[in-house]
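Trainee: Input: one structure, supplied below.
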Amino acid sequence: MRKPPAQDPVQDSPDVSAPQHYAAGTAAVGHSLRIAQQQMGVRRTALTLLRVNQKDGFDCPGCAWPEPDKRHAAEFCENGAKAVAEEATLRRVTPEFFAEHPVADLAHRSGYWLGQQGRLTRPMYLPEGGERYEPVSWERAFDIIAEELTALDSPDEALFYTSGRTSNEAAFLYQLFAREFGTNNLPDCSNMCHESSGSALTETLGVGKGSVLLDDLHKADLIIVAGQNPGTNHPRMLSALEKAKAGGAKIMTVNPLPEAGLERFKNPQTPRGLAGGGTPLTDLFLQIRIGGDQALFRALNRLVLETEGAVDEEFVRTYTHGFEEFARTAREGDADWEATLAATGLDRAEIEAALRMVLESERTVVCWAMGLTQHKHSVPTIREVVNFLLLRGNIGRPGAGVCPVRGHSNVQGDRTMGIFERPAPAFLDALEKEFGFAPPREHGLDVVRAIRALRDGQAKVFFAMGGNFVAASPDTDVTEDAMRRARLTVHVSTKLNRSHCVTGARALILPTLGRTERDLQGSGEQFVTVEDSMGMVHASRGRLDPASEHLLSEPAIVSRMARRVLGADSATPWEEFEKDYATIRDRIARVIPGFEDFNARVARPEGFALPHAPRDDRRFPTATGKANFTAAPVEYPRLPEGRLLLQTLRSHDQYNTTIYGLDDRYRGIKNGRRVVLVHPEDATALGLADGAYADLTSEWNDGTERTARGFRVVHYPTARGCAAAYYPETNVLVPLDATADVSNTPASKSVVIRVTPS
Ligand SMILES: Nc1nc2c(c(=O)[nH]1)N[C@H]1C(S)=C(S)[C@@H](COP(=O)(O)OP(=O)(O)OC[C@H]3O[C@@H](n4cnc5c(=O)[nH]c(N)nc54)[C@H](O)[C@@H]3O)O[C@H]1N2
Ligand SMILES: Nc1nc2c(c(=O)[nH]1)N[C@H]1C(S)=C(S)[C@@H](COP(=O)(O)OP(=O)(O)OC[C@H]3O[C@@H](n4cnc5c(=O)[nH]c(N)nc54)[C@H](O)[C@@H]3O)O[C@H]1N2
Ligand code: SF4
Ligand SMILES: [Mo]
């Protein structure tokens, strides 16, 4: 066992130097190996990293970027290596650790310190009024869950949260259990992530997922990367961009920050990448103001409409609906030059340069992530991206399409498996037919509504399949108070985190197997399956010995909980499911379209692609049966005098609420996370010197204010009027009610703040 650092490191004196202008290279390789070896030692590092993303290995627990068909021996990136090391660490959290550290002590530790303690090893229970977690048997843990669930007045007083690492098999069982229990309360991390993409794409194209495969990126003429920082968050996407460029593609980047990874890429898998200057990626950088994207795409659409012969009229006539109204709105609406320039902060020449690239391209892909999804007007923004692609027929042909780049490694698969608070009637019908019970039909609660239900005493049991709910959610103080009002909080987790320290009256921690570990059940060794960001499904097999003999897999936990809670009321063969995951896949095959013959097809090493009607044959399963143009007013945030618009984002050394280290190498930040990046001229106007310390106060419509203290001001080349600081430290500033229209995603990329010297 390895020892974690005993002291919580001081986090508030970051060192700052100039940002880097390229990503990866040798530093990335060295950095990932160093972190991996600290956690796993040399031998385990070598054995484990060689299995990441291999056809007989395990799926990288990092992001959802797909694997290329031809694999290298080292098919992982720096941040994949960190994700693996975080899970395969040799450090352990034992019952003695919990005896030494009362919950009140853990609640004062940083998320970084908690995570550094290592893997959870035993089920732990915090009794009502107790000060410390104590070891508990699995049987007793399930009894406690059953006691609290059966005591509820209604099944809708229970909440079943999911984070996106859960396998297809576990997710399918989990939603089945929740629905047999009687609720659609299945909030998930997607609600805070790509919900806006799902909402916009389902309405306009009929499928809430991306429409491109990896090869389409390689074939594109133009790739627009908007609101995404792949150098950190999807590092191997840079290899795809490099390949696309080698094939002649142009890349346009839309971002308030000049992100190093999009400037230049030194591919660590090639000798040239390691030794040479690397590949310049971005051809045109549009340094947009936060929240200006809808205005930008609307302006491009207006200009395309005004250009003779630029619209793919045949495509528009055959496959789309609503063109006339959209065209009228774009021509006559509020997207004139004045509004466009105010919203985007760009100048006319930049937008005209963008237009030229658009018109020169036969095949265009738009990629995006949180920079587009976490604003009040995110859904109309993404609909405008769809308008943009439809205009030139860029849906359902090779080298073109929508590419929302997903976060967690199986977040897309979890949705496919039915982790959704608003399930489609057809899905519920199929469950009903297969399992012979009547699933609840009323919609359940998403993340924000779940927090309100806890706050208002309408939800009493909170169960989490992974994740770190209180740290990931907005309005930290409100969320934590809400969580403390629960009767019981349960977390199925691999690592210790903040959510274990902010509990209901009673609390359970249920330790589970990770991706890297062998999963042995009654019928022998099991594998699980996952779906990547491009709808490819494949198997994942762990080989390491489990972190402790007391761990249960996620499918086993759900099966046992279901048996204990539902008892004779359930005709579902839960025991068989636990014993042999192939029997779960047989059921998935019968319930979920696209999974026919699941067991046979997933036996192929490369897995299989799920069908996608718009991509495969330009069929659009929408309300109109066509791809829908939409016409919405252009919105963008307007800032009161002396305020900045704050986006809350990720550093290079974190995975959401998991902090791997205290550096953000590409942005030149070291040894600390409480920084706020502000344009030098804005900072000067506000009297904020580089290196000064400041408090951030957010202002919300209802007159309430929220403050986060002690951030080092960094003069940084972001867009004017904008600021950036890391999540989750700044989640205290995001009001619970500040959400995107339609999708209800927290607007954590557009928070109006004052920055005042501390
Ligand atoms: N290493 C690592 N990998 C990860 C994660 C991680 O935390 N660490 N998280 C995973 C998850 S769950 C997700 S969802 C993804 C997140 O992946 P990203 O979405 O890339 O993550 P963020 O750090 O939130 O970065 C948002 C980017 O959008 C830009 N941006 C902010 N506001 C705007 C705007 O209004 N317009 C435009 N055009 N751009 C804007 C920011 O400057 C930044 O470059 O990554 C996944 N992969
Ligand atoms: N302000 C602000 N807030 C945000 C965002 C933002 O950009 N800004 N981004 C949002 C986004 S995109 C997302 S996706 C959410 C993320 O929200 P979550 O998914 O809830 O958070 P994570 O930090 O990914 O969860 C980490 C925890 O998952 C557990 N874990 C890891 N692997 C496994 C596993 O294999 N099984 C199980 N059972 N548990 C495991 C570990 O205990 C670890 O502590 O945060 C959202 N919150
Ligand atoms: S790009 Fe994502 S999935 Fe691929 S190795 Fe890196 S972290 Fe893992
Ligand atoms: Mo995410």
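Just remember, in the structure tokens the first chain shown is A, the second B, etc., residues are 1-based per chain, and ligands are 1-based in the order shown.
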Compute the set of protein, DNA and RNA residues whose minimum atom distance to ligand 1 is at most 6 Å, using only C-alpha atoms and all ligand atoms, and state it as a PyMOL selection string.
Mentor: chain A and resi 63+79+193+226-230+232-234+254-257+290-291+293+369-372+406-408+647+649-650+652+654-656+749
Trainee: I need the residues of stretch 468-588 of chain A that end up classed as alpha helix (DSSP H) by DSSP on the backbone, written out as JSON, numbers by chain.
Mentor: {"A": [469, 470, 471, 472, 476, 477, 478, 479, 480, 481, 482, 483, 484, 554, 555, 556, 557, 558, 559, 560, 561, 562, 563, 564, 565, 566, 574, 575, 576, 577, 578, 579, 581, 582, 583, 584, 585, 586, 587, 588]}
Trainee: Residues contacting ligand 3 - anything with an atom at most 6 Å away, using only C-alpha atoms and all ligand atoms - can you give me those as a ChimeraX atom specification?
Mentor: /A:60,62-65,76-77,79-80,234-236
Trainee: Could you tell me which of A:Thr270, A:Ser378, A:Ser163, A:Thr657 comes closest to A:Gln412 if we count only C-alpha atoms?
Mentor: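 Selected residue with least distance to A:Gln412: A:Ser163.
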Trainee: A:Met192, A:Leu126, A:Asp12, A:Phe527: which is nearest ligand 4, counting only C-alpha atoms and all ligand atoms?
Mentor: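 Looking at the shortest contact to ligand 4, the residue is A:Met192.
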Trainee: Give me, as a VMD selection string, the set of residues whose atoms come within 7 Å of any atom of ligand 2, counting only C-alpha atoms and all ligand atoms.
Mentor: chain A and resid 115 163 to 166 189 to 190 192 to 193 370 407 to 408 465 to 469 472 to 474 492 to 497 512 to 515 554 648 to 650 655 to 658 727 to 728 730 to 731 734 748 to 749
Trainee: Excluding A:Arg317 and any residue of its chain fewer than 2 positions from it, enumerate the residues within 12 Å of it, using only C-alpha atoms, and give them as a list in words.
Mentor: Val311, Asp312, Glu313, Glu314, Phe315, Tyr319, Thr320, His321, Gly322, Phe323, Glu324, Leu390, Leu391, Arg392, Gly393, Lys626, Ala627, Asn628 and Phe629 of chain A
Trainee: What gap, in Å, lies between atom CA of A:Pro19 and atom CA of A:Gly111?
Mentor: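 Separation between atom CA of A:Pro19 and atom CA of A:Gly111: 25.5 Å.
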Trainee: If we count only C-alpha atoms, what is near A:Ile223 at a cut-off of 6 Å, once residues fewer than 6 positions away on the same chain are taken out, given as a compact mmCIF listing (two decimals) with C-alpha atoms, in the first residue's frame?
Mentor:
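Generated file (result-v9.txt):
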# COMPACT_ATOMS: atom_id res chain seq x y z
CA ILE A 251 -9.87 24.24 -38.58
CA THR A 364 -18.25 20.70 -42.56
CA VAL A 365 -18.29 19.26 -39.03
CA VAL A 366 -19.09 21.33 -35.96
